[in-house]
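Structure file work_37.txt (compact mmCIF, C-alpha atoms) is printed below.
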# COMPACT_ATOMS: atom_id res chain seq x y z
CA MET F 1 78.06 174.98 96.66
CA SER F 2 77.83 174.82 92.88
CA LEU F 3 77.59 178.16 91.12
CA SER F 4 75.13 178.54 88.28
CA PRO F 5 75.22 181.84 86.35
CA LEU F 6 71.71 183.04 85.69
CA SER F 7 71.08 183.33 81.95
CA THR F 8 69.02 186.14 80.46
CA LYS F 9 66.28 183.73 79.45
CA ASP F 10 66.07 182.07 82.87
CA ALA F 11 66.15 185.41 84.67
CA ALA F 12 63.30 186.79 82.57
CA SER F 13 61.31 183.63 83.23
CA LYS F 14 61.84 183.71 86.99
CA LEU F 15 61.40 187.47 87.36
CA LYS F 16 58.38 187.39 85.02
CA VAL F 17 59.47 190.64 83.37
CA ASP F 18 61.43 191.43 80.25
CA LEU F 19 65.04 192.34 80.96
CA ILE F 20 66.38 195.63 79.62
CA GLU F 21 69.10 195.14 77.03
CA ASN F 22 69.51 198.73 75.78
CA GLY F 23 69.87 202.23 77.20
CA ILE F 24 66.35 202.38 78.62
CA GLY F 25 66.36 203.17 82.34
CA THR F 26 69.91 204.54 82.48
CA GLN F 27 68.79 207.98 83.67
CA ALA F 28 66.39 206.49 86.21
CA LEU F 29 69.18 204.30 87.56
CA HIS F 30 71.52 207.28 87.84
CA GLU F 31 68.96 209.42 89.66
CA THR F 32 68.08 206.59 92.05
CA VAL F 33 71.69 205.78 92.96
CA VAL F 34 72.45 209.49 93.52
CA ALA F 35 69.37 209.71 95.77
CA TYR F 36 70.36 206.64 97.82
CA ARG F 37 73.84 208.08 98.40
CA ALA F 38 72.54 211.56 99.18
CA ASN F 39 70.07 210.16 101.70
CA ARG F 40 72.93 208.59 103.65
CA ARG F 41 74.67 211.92 104.14
CA ALA F 42 74.36 213.15 107.72
CA GLY F 43 74.63 216.85 106.90
CA THR F 44 75.83 217.63 110.43
CA HIS F 45 78.90 219.70 109.54
CA SER F 46 78.71 223.18 111.03
CA THR F 47 80.81 226.30 111.61
CA LEU F 48 80.49 229.24 113.98
CA THR F 49 79.62 232.66 112.62
CA LYS F 50 80.71 235.95 114.17
CA ALA F 51 77.42 235.89 116.11
CA THR F 52 77.98 232.45 117.64
CA VAL F 53 81.76 232.24 118.16
CA ALA F 54 82.97 232.59 121.76
CA GLY F 55 84.01 236.11 122.74
CA SER F 56 82.55 239.36 123.97
CA GLY F 57 81.37 242.24 121.83
CA LYS F 58 83.70 244.65 123.57
CA LYS F 59 85.88 246.85 121.38
CA PRO F 60 89.46 245.53 121.77
CA TRP F 61 91.05 249.00 121.85
CA ARG F 62 90.03 252.58 121.31
CA GLN F 63 89.30 253.81 117.81
CA LYS F 64 92.25 256.17 117.45
CA GLY F 65 95.69 256.82 118.89
CA THR F 66 97.06 253.26 119.32
CA GLY F 67 98.69 252.85 115.91
CA ASN F 68 96.65 249.71 115.28
CA ALA F 69 94.00 249.30 112.64
CA ARG F 70 90.47 250.03 113.71
CA ALA F 71 88.71 247.04 115.26
CA GLY F 72 85.18 246.75 116.49
CA TYR F 73 84.96 243.25 117.97
CA ARG F 74 87.15 240.22 118.66
CA SER F 75 84.90 237.75 116.81
CA SER F 76 85.59 239.44 113.47
CA PRO F 77 86.04 236.92 110.60
CA VAL F 78 89.35 238.54 109.65
CA TRP F 79 90.90 237.55 112.98
CA SER F 80 92.25 234.15 113.99
CA GLY F 81 89.63 232.53 116.19
CA GLY F 82 86.89 234.70 114.77
CA GLY F 83 83.71 233.67 113.05
CA VAL F 84 83.52 231.95 109.65
CA VAL F 85 81.87 233.73 106.74
CA PHE F 86 79.45 231.65 104.62
CA GLY F 87 80.60 228.43 106.31
CA PRO F 88 78.61 225.16 106.21
CA HIS F 89 75.68 224.59 108.53
CA PRO F 90 73.52 221.50 109.19
CA ARG F 91 71.33 220.73 106.18
CA ASP F 92 69.22 217.99 104.67
CA TYR F 93 70.78 216.39 101.58
CA SER F 94 67.98 213.91 100.98
CA LYS F 95 66.43 213.55 97.55
CA LYS F 96 63.02 212.15 96.72
CA THR F 97 62.55 209.53 94.03
CA ASN F 98 59.11 208.37 92.99
CA LYS F 99 58.08 204.73 92.96
CA THR F 100 58.02 204.37 89.17
CA VAL F 101 61.59 205.64 88.79
CA LYS F 102 62.82 203.36 91.59
CA GLN F 103 61.15 200.35 90.02
CA LEU F 104 62.65 201.09 86.61
CA ALA F 105 66.08 201.61 88.20
CA LEU F 106 65.82 198.25 89.99
CA ARG F 107 64.84 196.51 86.78
CA LYS F 108 67.68 198.19 84.90
CA ALA F 109 70.21 197.26 87.59
CA ILE F 110 69.31 193.57 87.76
CA SER F 111 69.11 193.42 83.95
CA SER F 112 72.59 194.84 83.48
CA ARG F 113 74.11 192.43 85.99
CA VAL F 114 72.34 189.41 84.50
CA ASN F 115 73.41 190.42 80.98
CA ALA F 116 76.98 190.71 82.24
CA GLY F 117 76.85 187.16 83.67
CA GLU F 118 77.45 188.36 87.23
CA VAL F 119 74.29 186.99 88.88
CA TYR F 120 74.40 183.46 90.28
CA LEU F 121 71.45 181.36 91.36
CA ILE F 122 72.29 179.47 94.55
CA GLU F 123 70.60 177.13 96.96
CA THR F 124 69.07 178.36 100.20
CA ILE F 125 71.76 179.01 102.81
CA SER F 126 71.35 177.96 106.43
CA LEU F 127 73.83 178.06 109.29
CA GLU F 128 73.83 176.23 112.59
CA LYS F 129 75.75 179.07 114.23
CA PRO F 130 76.36 182.69 113.14
CA LYS F 131 79.96 182.01 112.15
CA THR F 132 81.62 184.04 109.41
CA ARG F 133 83.97 181.16 108.67
CA ASP F 134 81.06 178.80 108.00
CA LEU F 135 79.36 181.26 105.66
CA VAL F 136 82.60 181.95 103.76
CA ALA F 137 83.08 178.21 103.33
CA LYS F 138 79.69 178.01 101.62
CA LEU F 139 80.54 180.95 99.37
CA LYS F 140 84.22 180.18 98.85
CA ASP F 141 83.91 180.07 95.06
CA GLY F 142 82.34 183.50 94.95
CA LEU F 143 84.65 185.20 97.44
CA ALA F 144 87.80 184.02 95.70
CA ALA F 145 90.23 186.45 94.06
CA LYS F 146 89.24 189.25 96.42
CA SER F 147 85.87 189.75 94.74
CA SER F 148 82.99 191.27 96.66
CA VAL F 149 79.63 189.52 96.93
CA LEU F 150 76.06 190.60 97.55
CA LEU F 151 74.07 187.72 99.03
CA VAL F 152 70.32 188.04 98.49
CA ILE F 153 68.19 185.62 100.49
CA GLU F 154 64.44 185.11 100.64
CA ALA F 155 63.71 186.06 104.25
CA PRO F 156 65.68 187.64 107.11
CA ASP F 157 67.97 185.11 108.76
CA GLN F 158 69.69 186.44 111.87
CA LYS F 159 72.47 183.88 111.76
CA VAL F 160 73.34 184.66 108.14
CA PHE F 161 73.22 188.42 108.76
CA LEU F 162 75.49 188.16 111.79
CA ALA F 163 77.92 185.92 109.93
CA SER F 164 78.16 188.22 106.91
CA ARG F 165 78.52 191.57 108.65
CA ASN F 166 82.01 190.70 109.89
CA HIS F 167 83.31 190.18 106.36
CA PRO F 168 84.57 193.30 104.51
CA ARG F 169 83.58 192.02 101.05
CA LEU F 170 80.21 190.48 101.81
CA GLU F 171 76.78 191.95 102.42
CA THR F 172 73.49 190.16 102.96
CA THR F 173 70.04 191.47 102.15
CA THR F 174 66.64 190.08 101.23
CA GLY F 175 64.71 189.99 97.97
CA ASP F 176 62.15 192.51 99.21
CA GLN F 177 64.81 194.94 100.49
CA VAL F 178 67.62 194.89 97.91
CA ASN F 179 67.98 198.15 96.02
CA ALA F 180 69.52 199.28 92.73
CA GLU F 181 72.65 200.71 94.33
CA GLN F 182 73.45 197.45 96.10
CA LEU F 183 73.05 195.54 92.85
CA LEU F 184 75.71 197.75 91.24
CA ARG F 185 78.14 197.95 94.14
CA TYR F 186 79.37 194.35 94.28
CA ASP F 187 81.36 192.21 91.86
CA ARG F 188 79.01 189.24 92.07
CA ILE F 189 75.44 188.73 93.16
CA PHE F 190 74.34 185.46 94.75
CA ILE F 191 70.58 185.14 94.91
CA THR F 192 68.31 182.31 96.01
CA ASP F 193 65.27 181.16 94.07
CA GLY F 194 62.96 182.44 96.81
CA ALA F 195 64.62 185.85 96.74
CA LEU F 196 64.07 186.01 92.99
CA GLY F 197 60.38 185.50 93.66
CA LYS F 198 60.32 188.40 96.10
CA LEU F 199 62.19 190.59 93.61
CA SER F 200 59.77 189.57 90.87
CA ALA F 201 56.81 190.67 92.98
CA ARG F 202 58.39 194.11 93.43
CA LEU F 203 59.04 194.54 89.72
CA GLN F 204 55.43 193.74 88.83
CA LYS F 205 53.74 196.19 91.19
The structure in this file should be written as structure tokens.
Amino acid sequence: MSLSPLSTKDAASKLKVDLIENGIGTQALHETVVAYRANRRAGTHSTLTKATVAGSGKKPWRQKGTGNARAGYRSSPVWSGGGVVFGPHPRDYSKKTNKTVKQLALRKAISSRVNAGEVYLIETISLEKPKTRDLVAKLKDGLAAKSSVLLVIEAPDQKVFLASRNHPRLETTTGDQVNAEQLLRYDRIFITDGALGKLSARLQK
């Protein structure tokens, strides 16, 4: 497969939007990437308080006369095995980002990668079998030197998805699903002409 870096002029023509070549959209891109990462957080970490830790509420010894400090219950936070004070509990980390900000962030992300010469226009990829080896052979120029690659295709292809998911430095997505964070995460972006059309439609909505 011959690699053809996508020039700024060609990208603007195919995407049918002007590429951003200055600081416009930087804040939108930052907020969007933070939101994508926050939305992936499970927020399932939890600790037991003195009310939920195992143990009875019985006083461990009488108030006076033992020589020990006064103690009211075994689940006290000051004891080993007791409850945790102000510990974490399940919570929702998700952040909302409106459509306009997401669209600007996507435009900023693809613009910055095109301007850096890291977006390559490739031919449509098809596989007879979902073999990682076959897909790597088609992308051997891009996966050289331990670089990571984001492959953006026009429509979902089960064979290509299955072949790419077994490779640690390769991810496959489609033009109507790729997001700003993905565009920034990988060293190189391989995109088909059809996928550019899908991306263009998203940027013009």
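For the pair CA of Lys198 (chain F) and CA of Ser94 (chain F), the separation is 27.1 Å.
If you look at CA of Leu184 (chain F) and CA of Arg91 (chain F), they are 27.8 Å away from each other.
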**OP:** Kindly give the distance, in Å, that separates CA of Pro168 (chain F) and CA of Tyr186 (chain F), rounded to a single decimal.
**Re:** 11.5 Å
**OP:** Fewer than 3 positions away in the same chain doesn't count, so skip those; otherwise give me all residues within 10 Å of region 131-137 of chain F, counting all atoms listed in the file, as a PyMOL selection string.
**Re:** chain F and resi 1+125-128+140-144+159-167+170
Using the selection just defined, write its residues with C-alpha atoms as a PDB file, keeping the file's coordinate frame.
ATOM      1  CA  MET F   1      78.060 174.980  96.660  1.00  0.00           C
ATOM      2  CA  ILE F 125      71.760 179.010 102.810  1.00  0.00           C
ATOM      3  CA  SER F 126      71.350 177.960 106.430  1.00  0.00           C
ATOM      4  CA  LEU F 127      73.830 178.060 109.290  1.00  0.00           C
ATOM      5  CA  GLU F 128      73.830 176.230 112.590  1.00  0.00           C
ATOM      6  CA  LYS F 140      84.220 180.180  98.850  1.00  0.00           C
ATOM      7  CA  ASP F 141      83.910 180.070  95.060  1.00  0.00           C
ATOM      8  CA  GLY F 142      82.340 183.500  94.950  1.00  0.00           C
ATOM      9  CA  LEU F 143      84.650 185.200  97.440  1.00  0.00           C
ATOM     10  CA  ALA F 144      87.800 184.020  95.700  1.00  0.00           C
ATOM     11  CA  LYS F 159      72.470 183.880 111.760  1.00  0.00           C
ATOM     12  CA  VAL F 160      73.340 184.660 108.140  1.00  0.00           C
ATOM     13  CA  PHE F 161      73.220 188.420 108.760  1.00  0.00           C
ATOM     14  CA  LEU F 162      75.490 188.160 111.790  1.00  0.00           C
ATOM     15  CA  ALA F 163      77.920 185.920 109.930  1.00  0.00           C
ATOM     16  CA  SER F 164      78.160 188.220 106.910  1.00  0.00           C
ATOM     17  CA  ARG F 165      78.520 191.570 108.650  1.00  0.00           C
ATOM     18  CA  ASN F 166      82.010 190.700 109.890  1.00  0.00           C
ATOM     19  CA  HIS F 167      83.310 190.180 106.360  1.00  0.00           C
ATOM     20  CA  LEU F 170      80.210 190.480 101.810  1.00  0.00           C
TER      21      LEU F 170
END
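Minimum atom-to-atom distance to Lys129 (chain F), evaluated using only C-alpha atoms, belongs to F:Gln158 out of F:Asn115, F:Thr47, F:Gln27, F:Gln158.
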Around region 94-112 of chain F, with edges along x, y and z and 4 Å added on all six sides, what centre and edge lengths do you get, in Å to one decimal, as lines of an AutoDock Vina configuration file?
center_x = 65.3
center_y = 203.7
center_z = 92.2
size_x = 22.6
size_y = 28.5
size_z = 25.5
Subject >> Within 10 Å of Asn179 (chain F) using all atoms listed in the file, minus same-chain residues under 6 positions, as a PyMOL selection string >> reply: chain F and resi 32-33+36+102-103+105-107+109-110+173+199
Original post:
Out of F:Leu196, F:Asp157, F:Asn22, F:Ile189, which residue has the shortest atom-to-atom distance to Asp176 (chain F) when counting only C-alpha atoms?
Top reply: F:Leu196
**OP:** Find the residue from F:Ser112, F:Ser46, F:Ser80, F:Thr100 that sits nearest to Gly23 (chain F); use all atoms listed in the file when measuring.
**Re:** F:Ser112
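When the distance limit is 12 Å and all atoms listed in the file are what count, the residues near Trp79 (chain F), minus those fewer than 5 positions from it on the same chain, are F:Lys50, F:Val53, F:Pro60, F:Ala71, F:Gly72, F:Tyr73, F:Arg74, F:Val84, F:Val85.
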**OP:** Give me the residues within 7 Å of Ala38 (chain F) as a list in words, counting all atoms listed in the file and dropping any in the same chain fewer than 2 places off.
**Re:**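 Surrounding residues, per the criterion: Val34, Ala35, Tyr36, Arg40, Arg41, Tyr93, Ser94 and Lys95 of chain F.
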Since the input lacks atoms, please generate N, CA and C atoms for region 3-31 of chain F and provide them as an mmCIF file, in the coordinates of the input.
data_model
loop_
_atom_site.group_PDB
_atom_site.id
_atom_site.type_symbol
_atom_site.label_atom_id
_atom_site.label_comp_id
_atom_site.auth_asym_id
_atom_site.auth_seq_id
_atom_site.Cartn_x
_atom_site.Cartn_y
_atom_site.Cartn_z
ATOM 1 N N LEU F 3 78.029 176.876 91.629
ATOM 2 C CA LEU F 3 77.590 178.160 91.120
ATOM 3 C C LEU F 3 76.978 178.002 89.745
ATOM 4 N N SER F 4 75.820 178.614 89.560
ATOM 5 C CA SER F 4 75.130 178.540 88.280
ATOM 6 C C SER F 4 74.792 179.941 87.811
ATOM 7 N N PRO F 5 75.543 180.492 86.844
ATOM 8 C CA PRO F 5 75.220 181.840 86.350
ATOM 9 C C PRO F 5 73.801 181.881 85.791
ATOM 10 N N LEU F 6 73.096 182.902 86.124
ATOM 11 C CA LEU F 6 71.710 183.040 85.690
ATOM 12 C C LEU F 6 71.686 183.623 84.274
ATOM 13 N N SER F 7 71.144 182.868 83.338
ATOM 14 C CA SER F 7 71.080 183.330 81.950
ATOM 15 C C SER F 7 69.963 184.359 81.804
ATOM 16 N N THR F 8 70.034 185.116 80.722
ATOM 17 C CA THR F 8 69.020 186.140 80.460
ATOM 18 C C THR F 8 67.638 185.531 80.338
ATOM 19 N N LYS F 9 67.558 184.390 79.647
ATOM 20 C CA LYS F 9 66.280 183.730 79.450
ATOM 21 C C LYS F 9 65.699 183.233 80.771
ATOM 22 N N ASP F 10 66.535 182.583 81.586
ATOM 23 C CA ASP F 10 66.070 182.070 82.870
ATOM 24 C C ASP F 10 65.662 183.193 83.814
ATOM 25 N N ALA F 11 66.454 184.278 83.794
ATOM 26 C CA ALA F 11 66.150 185.410 84.670
ATOM 27 C C ALA F 11 64.816 186.035 84.301
ATOM 28 N N ALA F 12 64.571 186.218 83.015
ATOM 29 C CA ALA F 12 63.300 186.790 82.570
ATOM 30 C C ALA F 12 62.138 185.897 82.951
ATOM 31 N N SER F 13 62.359 184.575 82.884
ATOM 32 C CA SER F 13 61.310 183.630 83.230
ATOM 33 C C SER F 13 60.994 183.654 84.721
ATOM 34 N N LYS F 14 62.034 183.717 85.538
ATOM 35 C CA LYS F 14 61.840 183.710 86.990
ATOM 36 C C LYS F 14 61.337 185.044 87.511
ATOM 37 N N LEU F 15 61.827 186.141 86.927
ATOM 38 C CA LEU F 15 61.400 187.470 87.360
ATOM 39 C C LEU F 15 60.049 187.861 86.767
ATOM 40 N N LYS F 16 59.654 187.154 85.701
ATOM 41 C CA LYS F 16 58.380 187.390 85.020
ATOM 42 C C LYS F 16 58.279 188.793 84.439
ATOM 43 N N VAL F 17 59.417 189.355 84.062
ATOM 44 C CA VAL F 17 59.470 190.640 83.370
ATOM 45 C C VAL F 17 60.549 190.555 82.294
ATOM 46 N N ASP F 18 60.410 191.384 81.293
ATOM 47 C CA ASP F 18 61.430 191.430 80.250
ATOM 48 C C ASP F 18 62.639 192.206 80.761
ATOM 49 N N LEU F 19 63.829 191.654 80.555
ATOM 50 C CA LEU F 19 65.040 192.340 80.960
ATOM 51 C C LEU F 19 65.390 193.437 79.957
ATOM 52 N N ILE F 20 65.994 194.499 80.461
ATOM 53 C CA ILE F 20 66.380 195.630 79.620
ATOM 54 C C ILE F 20 67.745 195.352 79.014
ATOM 55 N N GLU F 21 67.839 195.431 77.711
ATOM 56 C CA GLU F 21 69.100 195.140 77.030
ATOM 57 C C GLU F 21 69.621 196.345 76.238
ATOM 58 N N ASN F 22 69.040 197.529 76.477
ATOM 59 C CA ASN F 22 69.510 198.730 75.780
ATOM 60 C C ASN F 22 69.661 199.868 76.787
ATOM 61 N N GLY F 23 69.642 201.078 76.318
ATOM 62 C CA GLY F 23 69.870 202.230 77.200
ATOM 63 C C GLY F 23 68.672 202.671 78.001
ATOM 64 N N ILE F 24 67.542 201.999 77.864
ATOM 65 C CA ILE F 24 66.350 202.380 78.620
ATOM 66 C C ILE F 24 66.619 202.238 80.129
ATOM 67 N N GLY F 25 66.229 203.236 80.888
ATOM 68 C CA GLY F 25 66.360 203.170 82.340
ATOM 69 C C GLY F 25 67.678 203.675 82.881
ATOM 70 N N THR F 26 68.606 204.085 82.005
ATOM 71 C CA THR F 26 69.910 204.540 82.480
ATOM 72 C C THR F 26 69.784 205.789 83.338
ATOM 73 N N GLN F 27 68.970 206.747 82.905
ATOM 74 C CA GLN F 27 68.790 207.980 83.670
ATOM 75 C C GLN F 27 68.084 207.707 84.993
ATOM 76 N N ALA F 28 67.093 206.839 84.968
ATOM 77 C CA ALA F 28 66.390 206.490 86.210
ATOM 78 C C ALA F 28 67.334 205.832 87.202
ATOM 79 N N LEU F 29 68.213 204.964 86.693
ATOM 80 C CA LEU F 29 69.180 204.300 87.560
ATOM 81 C C LEU F 29 70.150 205.311 88.159
ATOM 82 N N HIS F 30 70.602 206.247 87.344
ATOM 83 C CA HIS F 30 71.520 207.280 87.840
ATOM 84 C C HIS F 30 70.867 208.115 88.929
ATOM 85 N N GLU F 31 69.647 208.578 88.682
ATOM 86 C CA GLU F 31 68.960 209.420 89.660
ATOM 87 C C GLU F 31 68.709 208.655 90.967
#
